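Some notes on the structure that comes next.
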Amino acid sequence: MDETGKGKGETGKVIPARYQPPLPLDRLLLPVGAPGAGDHMELDVLIVGAGPAGLACAIELAHLARREHGDVNIGVLEKAEALGEHCLSGAVVNPRAFRELFPDLKDADFPFRGPVTKERVAFLTSRRAFTLPTPPTMHNAGNYVASLCEIVRWLGERAGALGVNGFTGFPAASLLVDGRRVAGVRTAAAGLDREGRPLSNYMAPNDLTAKVTALAEGTRGSLSQAWLEWQAVTSENPQIYALGVKEIWETKRPLDTIVHTLGWPVPTDAFGGSFMYPLEPNLVALGLVVGLDYRNAALDVHDLLQQMTLHPLFRQYLEGGEMVEWGAKTIPEGGYYAVPARRSGDGVVILGDSAGFVDVPSLKGIHYAIQSGILAARAIHAGLKAGDASAAPLAEYDRSVNASFIMKDLFRTRNMRLAFKDGFYAGGVKAALMTLTGGRFPGGKIPMEPDGEVERTLTSGASPGITPDGRLTFSKVDGVFKSGNATRDTIPVHLVIGKDVPVAVAEFYARMCPAGVYEVAQGALRVNAPNCVDCKATDVLGPRWTPREGGSGPKYKRM
Ligand SMILES: Cc1cc2nc3c(=O)[nH]c(=O)nc-3n(C[C@H](O)[C@H](O)[C@H](O)COP(=O)(O)OP(=O)(O)OC[C@H]3O[C@@H](n4cnc5c(N)ncnc54)[C@H](O)[C@@H]3O)c2cc1C
Ligand code: SF4
């Protein structure tokens, strides 16, 4: 029977990409000077996204300009209302790139909560935890536990002190292009009603033009995707993603070790694992990450995290404590073979997660993001000094990334995540052999398909999952509340929905979205767009995410 025509209890198959609308290039790419803008500002360098990548780029550029007594007008656009509010990570941080960005500072000066002193890797069954030897890729000696929100606020202060202009609450909605050159961005309008009509507080979009635009939008960047598609820049494998759902807990019982787990509650035909890190002995970050190539359409990462909190390993810490913050974000997981062949062009560079600089076996991206920002800044600085911001000088950024530890590290683990596409056990054996052979086994490249092309099994009437108790387990609505999301209810829908989405696919979206944005009501898809926390999972598997009014979305504090 066809995927859309199954009856209750019957199974069917669906390929999500069939219901996904194309990237809205007509909105994401505009000719420079297109009508509709309010103000216009001109900068030397415009950075989109105040995450670790974007802020490191701004800081290194300002350092270079100061050293040479030059003057560079740098602007950083950030869609969150305040710095760090849209940033979410684990996080255990490798300090290497911080040391390069701030050679005069010591590790103790960086905004880390503390060094990793003990670590444990465990394999979980539904009731038990078996300690495993820590795989070499997961060793964290010398690394630090941190909150990405805190790191970003600290980097923002340093950038501000160096004269960088920060514009928070301003999402870049479109790339402004001039021939093949990127000339800047247009921001999103604010103060529109649900139908897109201006309200009394309407603010027209602004145009910001620059000699170089650095795209540091993080995971699944919309403008980065648009540029790559427009310029037909490909990668050896398509980029693939995982969704991470995370909670911060104040606990009664202290934790003194970082914990990673494999196995339950992630099904064996999916790839994923959990982490528990102490920010303070009694303040714990807990998260579950699952690859978006999972096969069972009823899988729900938020729900699996709630099941996890009841497991004795976690419960012993969480019982009697309080869940104080909740959030979600995707991670680019494709690794070496999914990095775009070119991350630079005429007037543009792409940094950090937007370029896919993440090493999944070690769950690390922050120091790669920072390093890519540093290397981009050096190439931009050299180009500006030579009076040339065209593709030729900016290609030095690609060359320096290729020669750096970023691509060396990604090359070493190039097939590890990909090995898990055939399930946990086969993947585990292959990953162990890859570790033993320093990445040489099995040789070559394991080909992947985009997450949207992976066939899903639908079961109509599948179990609704856990019933939250508000103590150890929480609903998606509770989660969105704890994310600090207070987006205006009357905002226009920023999600581009495909045509004729069957009920079974709508149910798949409802399970996939950790924030409860999608619901099936009276046999149709209902969209609660203001709930969205910008995790971007939807953009990978379903309706397209587009930038919306500045300041919308979560307000993370310690994620
Ligand atoms: C659950 C989870 C756990 C992780 N654990 C770890 C870990 O333990 N250690 C580690 O090193 N890495 C970890 N990572 C990965 C790491 O967080 C990322 O690699 C890193 O944050 C990437 O930095 P970035 O600057 O590229 O992007 P981001 O940190 O995502 O920053 C991008 C910024 O751009 C802004 N932005 C996006 N689009 C626009 C727009 N159109 N206009 C204006 N602003 C925009 C966003 O709001 C955001 O502030 C984890 C990731 C997740 C999701
Ligand atoms: S609608 Fe928003 S919160 Fe839900 S999956 Fe998509 S990006 Fe994430």
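Chain labels follow the order of the structure tokens: the first chain is A, the next B, and so on; residue numbering restarts at 1 in every chain, and ligands are counted from 1 in their shown order.
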
Show me, as a ChimeraX atom specification, the residues that have an atom within 8 Å of stretch 238-247 of chain A when counting only C-alpha atoms, minus same-chain residues fewer than 5 positions from it. /A:285-293,301-302,305,323-335,337-339,356,448-451,514,535,537,540,559

Considering only strand (DSSP E) as DSSP defines it on the backbone, what residues of stretch 210-380 of chain A qualify? List them as a PyMOL selection string. chain A and resi 210-215+241-250+258-263+272-280+283-291+322-332+344-345+348-350

Which residue of A:Ala50, A:Cys87, A:Ala65, A:Ala232 approaches A:Ala341 most closely, using only C-alpha atoms: A:Ala232

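Between atom CA of A:Ala395 and atom CA of A:Val93 there is a distance of 28.4 Å.
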
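Nearest to A:Asp303 of all the residues A:Gln522, A:Gln20, A:Ser475, A:Ser362 is A:Ser475, counting only C-alpha atoms.
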
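Of the residues listed (A:Arg342, A:Arg186, A:His381, A:His260), A:His381 shows the shortest atom-to-atom separation from A:Ala62; distances use only C-alpha atoms.
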
Enumerate as a PDB file with N, CA and C atoms, in the first residue's frame the residues within 6 Å of ligand 1, counting only C-alpha atoms and all ligand atoms.
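What ended up in selection.pdb:
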ATOM      1  N   VAL A  48      28.059  37.245   9.778  1.00  0.00           N
ATOM      2  CA  VAL A  48      26.683  36.820  10.091  1.00  0.00           C
ATOM      3  C   VAL A  48      26.763  35.692  11.109  1.00  0.00           C
ATOM      4  N   GLY A  49      26.341  35.982  12.349  1.00  0.00           N
ATOM      5  CA  GLY A  49      26.337  34.967  13.399  1.00  0.00           C
ATOM      6  C   GLY A  49      27.400  35.224  14.441  1.00  0.00           C
ATOM      7  N   ALA A  50      26.931  35.495  15.681  1.00  0.00           N
ATOM      8  CA  ALA A  50      27.873  35.732  16.781  1.00  0.00           C
ATOM      9  C   ALA A  50      28.009  34.463  17.615  1.00  0.00           C
ATOM     10  N   GLY A  51      28.459  33.402  16.986  1.00  0.00           N
ATOM     11  CA  GLY A  51      28.849  32.189  17.705  1.00  0.00           C
ATOM     12  C   GLY A  51      30.364  32.218  17.850  1.00  0.00           C
ATOM     13  N   PRO A  52      30.961  31.113  18.279  1.00  0.00           N
ATOM     14  CA  PRO A  52      32.428  31.103  18.423  1.00  0.00           C
ATOM     15  C   PRO A  52      33.146  31.386  17.105  1.00  0.00           C
ATOM     16  N   ALA A  53      32.624  30.887  15.981  1.00  0.00           N
ATOM     17  CA  ALA A  53      33.304  31.102  14.695  1.00  0.00           C
ATOM     18  C   ALA A  53      33.286  32.584  14.327  1.00  0.00           C
ATOM     19  N   GLY A  54      32.106  33.195  14.341  1.00  0.00           N
ATOM     20  CA  GLY A  54      31.964  34.591  13.915  1.00  0.00           C
ATOM     21  C   GLY A  54      32.725  35.530  14.829  1.00  0.00           C
ATOM     22  N   LEU A  77      26.384  40.509  12.922  1.00  0.00           N
ATOM     23  CA  LEU A  77      24.923  40.428  13.046  1.00  0.00           C
ATOM     24  C   LEU A  77      24.552  39.158  13.791  1.00  0.00           C
ATOM     25  N   GLU A  78      23.643  39.256  14.737  1.00  0.00           N
ATOM     26  CA  GLU A  78      23.203  38.075  15.494  1.00  0.00           C
ATOM     27  C   GLU A  78      21.680  38.107  15.609  1.00  0.00           C
ATOM     28  N   LYS A  79      21.028  36.983  15.335  1.00  0.00           N
ATOM     29  CA  LYS A  79      19.562  36.964  15.349  1.00  0.00           C
ATOM     30  C   LYS A  79      18.990  36.945  16.761  1.00  0.00           C
ATOM     31  N   ALA A  80      19.750  36.431  17.745  1.00  0.00           N
ATOM     32  CA  ALA A  80      19.246  36.396  19.122  1.00  0.00           C
ATOM     33  C   ALA A  80      19.180  37.815  19.674  1.00  0.00           C
ATOM     34  N   GLY A  84      24.667  34.946  22.785  1.00  0.00           N
ATOM     35  CA  GLY A  84      24.674  33.611  23.389  1.00  0.00           C
ATOM     36  C   GLY A  84      23.296  32.985  23.534  1.00  0.00           C
ATOM     37  N   HIS A  86      21.071  32.111  21.496  1.00  0.00           N
ATOM     38  CA  HIS A  86      20.738  31.048  20.541  1.00  0.00           C
ATOM     39  C   HIS A  86      21.861  30.019  20.433  1.00  0.00           C
ATOM     40  N   CYS A  87      22.781  30.026  21.400  1.00  0.00           N
ATOM     41  CA  CYS A  87      23.904  29.094  21.316  1.00  0.00           C
ATOM     42  C   CYS A  87      23.714  27.941  22.287  1.00  0.00           C
ATOM     43  N   LEU A  88      23.941  26.747  21.792  1.00  0.00           N
ATOM     44  CA  LEU A  88      23.767  25.536  22.616  1.00  0.00           C
ATOM     45  C   LEU A  88      24.842  24.542  22.220  1.00  0.00           C
ATOM     46  N   SER A  89      25.482  23.968  23.227  1.00  0.00           N
ATOM     47  CA  SER A  89      26.506  22.962  22.942  1.00  0.00           C
ATOM     48  C   SER A  89      26.495  21.979  24.095  1.00  0.00           C
ATOM     49  N   GLY A  90      27.590  21.143  24.251  1.00  0.00           N
ATOM     50  CA  GLY A  90      27.646  20.173  25.345  1.00  0.00           C
ATOM     51  C   GLY A  90      27.880  20.810  26.700  1.00  0.00           C
ATOM     52  N   ALA A  91      29.077  21.367  27.071  1.00  0.00           N
ATOM     53  CA  ALA A  91      30.211  21.317  26.187  1.00  0.00           C
ATOM     54  C   ALA A  91      31.486  20.968  26.946  1.00  0.00           C
ATOM     55  N   VAL A  92      32.243  20.053  26.336  1.00  0.00           N
ATOM     56  CA  VAL A  92      33.632  19.851  26.752  1.00  0.00           C
ATOM     57  C   VAL A  92      34.477  20.466  25.647  1.00  0.00           C
ATOM     58  N   VAL A  93      35.353  21.397  26.033  1.00  0.00           N
ATOM     59  CA  VAL A  93      36.026  22.228  25.045  1.00  0.00           C
ATOM     60  C   VAL A  93      37.527  21.958  25.021  1.00  0.00           C
ATOM     61  N   PHE A 170      19.263  41.091  15.071  1.00  0.00           N
ATOM     62  CA  PHE A 170      19.188  41.365  13.627  1.00  0.00           C
ATOM     63  C   PHE A 170      19.547  40.121  12.809  1.00  0.00           C
ATOM     64  N   PRO A 171      18.544  39.317  12.447  1.00  0.00           N
ATOM     65  CA  PRO A 171      18.834  38.160  11.595  1.00  0.00           C
ATOM     66  C   PRO A 171      19.099  38.598  10.159  1.00  0.00           C
ATOM     67  N   ALA A 172      20.107  38.008   9.543  1.00  0.00           N
ATOM     68  CA  ALA A 172      20.312  38.233   8.110  1.00  0.00           C
ATOM     69  C   ALA A 172      19.321  37.330   7.386  1.00  0.00           C
ATOM     70  N   ALA A 173      18.472  37.920   6.552  1.00  0.00           N
ATOM     71  CA  ALA A 173      17.421  37.136   5.895  1.00  0.00           C
ATOM     72  C   ALA A 173      17.778  36.789   4.454  1.00  0.00           C
ATOM     73  N   ALA A 216      28.785  32.793   9.376  1.00  0.00           N
ATOM     74  CA  ALA A 216      29.097  31.976  10.561  1.00  0.00           C
ATOM     75  C   ALA A 216      27.781  31.672  11.270  1.00  0.00           C
ATOM     76  N   GLU A 217      26.812  31.168  10.487  1.00  0.00           N
ATOM     77  CA  GLU A 217      25.444  30.982  10.991  1.00  0.00           C
ATOM     78  C   GLU A 217      25.269  29.724  11.829  1.00  0.00           C
ATOM     79  N   GLY A 218      26.324  28.928  11.973  1.00  0.00           N
ATOM     80  CA  GLY A 218      26.183  27.686  12.720  1.00  0.00           C
ATOM     81  C   GLY A 218      25.559  26.606  11.857  1.00  0.00           C
ATOM     82  N   THR A 219      24.979  25.609  12.527  1.00  0.00           N
ATOM     83  CA  THR A 219      24.458  24.436  11.845  1.00  0.00           C
ATOM     84  C   THR A 219      23.367  24.814  10.829  1.00  0.00           C
ATOM     85  N   GLY A 221      23.132  26.592   8.148  1.00  0.00           N
ATOM     86  CA  GLY A 221      22.950  28.018   7.862  1.00  0.00           C
ATOM     87  C   GLY A 221      22.162  28.228   6.569  1.00  0.00           C
ATOM     88  N   GLY A 244      20.354  17.237  18.837  1.00  0.00           N
ATOM     89  CA  GLY A 244      20.676  17.132  20.264  1.00  0.00           C
ATOM     90  C   GLY A 244      19.621  17.845  21.074  1.00  0.00           C
ATOM     91  N   LYS A 329      19.322  21.596  19.422  1.00  0.00           N
ATOM     92  CA  LYS A 329      20.052  22.089  18.242  1.00  0.00           C
ATOM     93  C   LYS A 329      20.552  20.906  17.432  1.00  0.00           C
ATOM     94  N   THR A 330      20.710  21.131  16.129  1.00  0.00           N
ATOM     95  CA  THR A 330      21.287  20.072  15.298  1.00  0.00           C
ATOM     96  C   THR A 330      22.813  20.246  15.241  1.00  0.00           C
ATOM     97  N   ILE A 331      23.464  19.159  14.819  1.00  0.00           N
ATOM     98  CA  ILE A 331      24.929  19.153  14.666  1.00  0.00           C
ATOM     99  C   ILE A 331      25.235  18.587  13.280  1.00  0.00           C
ATOM    100  N   GLY A 352      32.946  27.639  10.555  1.00  0.00           N
ATOM    101  CA  GLY A 352      32.364  26.843  11.634  1.00  0.00           C
ATOM    102  C   GLY A 352      31.394  25.777  11.163  1.00  0.00           C
ATOM    103  N   ASP A 353      30.318  25.602  11.935  1.00  0.00           N
ATOM    104  CA  ASP A 353      29.321  24.565  11.624  1.00  0.00           C
ATOM    105  C   ASP A 353      28.703  24.754  10.242  1.00  0.00           C
ATOM    106  N   SER A 354      28.592  26.000   9.784  1.00  0.00           N
ATOM    107  CA  SER A 354      27.990  26.224   8.458  1.00  0.00           C
ATOM    108  C   SER A 354      28.818  25.548   7.373  1.00  0.00           C
ATOM    109  N   VAL A 358      32.983  19.766  12.164  1.00  0.00           N
ATOM    110  CA  VAL A 358      32.669  19.077  13.424  1.00  0.00           C
ATOM    111  C   VAL A 358      33.250  17.673  13.355  1.00  0.00           C
ATOM    112  N   LEU A 363      32.794  14.459  19.497  1.00  0.00           N
ATOM    113  CA  LEU A 363      31.755  15.479  19.727  1.00  0.00           C
ATOM    114  C   LEU A 363      32.395  16.844  19.985  1.00  0.00           C
ATOM    115  N   LYS A 364      33.157  17.307  18.996  1.00  0.00           N
ATOM    116  CA  LYS A 364      33.836  18.594  19.145  1.00  0.00           C
ATOM    117  C   LYS A 364      33.603  19.462  17.906  1.00  0.00           C
ATOM    118  N   GLY A 365      33.271  20.721  18.160  1.00  0.00           N
ATOM    119  CA  GLY A 365      33.125  21.662  17.054  1.00  0.00           C
ATOM    120  C   GLY A 365      33.581  23.056  17.438  1.00  0.00           C
ATOM    121  N   ILE A 366      33.606  23.345  18.748  1.00  0.00           N
ATOM    122  CA  ILE A 366      33.855  24.727  19.186  1.00  0.00           C
ATOM    123  C   ILE A 366      35.260  25.184  18.783  1.00  0.00           C
ATOM    124  N   HIS A 367      36.268  24.347  19.038  1.00  0.00           N
ATOM    125  CA  HIS A 367      37.631  24.824  18.716  1.00  0.00           C
ATOM    126  C   HIS A 367      37.862  24.832  17.200  1.00  0.00           C
ATOM    127  N   ALA A 369      35.453  25.704  15.094  1.00  0.00           N
ATOM    128  CA  ALA A 369      34.750  26.937  14.695  1.00  0.00           C
ATOM    129  C   ALA A 369      35.667  28.141  14.927  1.00  0.00           C
ATOM    130  N   PRO A 547      14.839  32.765   8.311  1.00  0.00           N
ATOM    131  CA  PRO A 547      15.039  33.745   9.387  1.00  0.00           C
ATOM    132  C   PRO A 547      13.758  34.541   9.648  1.00  0.00           C
TER     133      PRO A 547
END

Closest contacts (chain A/ligand 2, max 6 Å, only C-alpha atoms and all ligand atoms) as a tab-separated table:
residue	atom	partner	partner_atom_place_in_ligand_line	distance
A:Cys513	CA	ligand 2	5 (S)	3.8
A:Pro514	CA	ligand 2	4 (Fe)	5.8
A:Ala515	CA	ligand 2	3 (S)	4.8
A:Val517	CA	ligand 2	1 (S)	5.3
A:Cys532	CA	ligand 2	2 (Fe)	3.7
A:Val533	CA	ligand 2	3 (S)	4.3
A:Asp534	CA	ligand 2	7 (S)	4.1
A:Cys535	CA	ligand 2	8 (Fe)	3.9
A:Lys536	CA	ligand 2	7 (S)	3.6
A:Ala537	CA	ligand 2	5 (S)	4.3
A:Thr538	CA	ligand 2	6 (Fe)	3.7

Which polymer residues have any atom within 12 Å of an atom of A:Met203, counting only C-alpha atoms, with same-chain residues fewer than 6 positions away left out, as a PyMOL selection string? chain A and resi 36-39+170+187-192+197+549-550

Near-stretch 161-164 of chain A list (10 Å; only C-alpha atoms; drop same-chain fewer than 4 positions) as JSON, numbers by chain: {"A": [55, 58, 59, 60, 61, 62, 63, 65, 66, 71, 72, 73, 74, 75, 76, 155, 156, 157]}

What gap, in Å, lies between atom CA of A:Tyr19 and atom CA of A:Val266? 25.8 Å

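Closest approach to A:Leu410 from the set A:Ser274, A:Ser126, A:Thr459, A:Thr137 is made by A:Thr137, with distances taken over only C-alpha atoms.
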
Name the closest residue to A:Pro31 among the candidates A:Thr209, A:Gln306, A:Thr125, A:Ser404; distances are taken between atoms, counting only C-alpha atoms. A:Thr209

Write out as a PyMOL selection string the residues lying within 12 Å of A:Ala379, counting only C-alpha atoms and excluding same-chain residues fewer than 5 positions away. chain A and resi 57+60-61+64+212+214+344-345+347-349+372-374+384-386+388-401

Dump of C-alpha atoms for the selected residues, as a short mmCIF file (atom, residue, chain, number, x, y, z; two decimals), in the first residue's frame:
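Result written to part.cif:
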data_model
loop_
_atom_site.label_atom_id
_atom_site.label_comp_id
_atom_site.auth_asym_id
_atom_site.auth_seq_id
_atom_site.Cartn_x
_atom_site.Cartn_y
_atom_site.Cartn_z
CA CYS A 57 36.89 35.99 13.13
CA GLU A 60 41.39 38.14 15.06
CA LEU A 61 40.61 40.76 12.39
CA LEU A 64 45.50 42.19 13.03
CA VAL A 212 33.70 40.67 2.63
CA ALA A 214 31.67 35.94 6.56
CA SER A 344 35.21 30.90 -0.10
CA GLY A 345 34.22 32.90 -3.13
CA GLY A 347 33.39 38.56 -1.27
CA VAL A 348 32.42 35.63 0.96
CA VAL A 349 33.75 32.94 3.33
CA SER A 372 38.16 28.60 11.13
CA GLY A 373 37.32 32.14 12.28
CA ILE A 374 41.01 32.87 12.94
CA LEU A 384 41.82 43.98 2.32
CA LYS A 385 45.45 45.07 2.65
CA ALA A 386 46.00 44.26 -1.02
CA ASP A 388 41.24 42.88 -3.24
CA ALA A 389 38.32 40.99 -1.66
CA SER A 390 37.69 38.78 -4.67
CA ALA A 391 37.74 34.98 -4.74
CA ALA A 392 41.49 34.77 -5.39
CA PRO A 393 42.83 36.17 -2.07
CA LEU A 394 39.97 34.62 -0.06
CA ALA A 395 40.88 31.19 -1.43
CA GLU A 396 43.82 31.38 0.98
CA TYR A 397 41.24 30.65 3.70
CA ASP A 398 40.46 27.28 2.04
CA ARG A 399 44.14 26.47 1.66
CA SER A 400 44.91 27.29 5.29
CA VAL A 401 41.92 25.28 6.60
#

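Atom pair atom CA of A:Pro21 / atom CA of A:Asp300 has a distance of 22.5 Å (rounded to one decimal).
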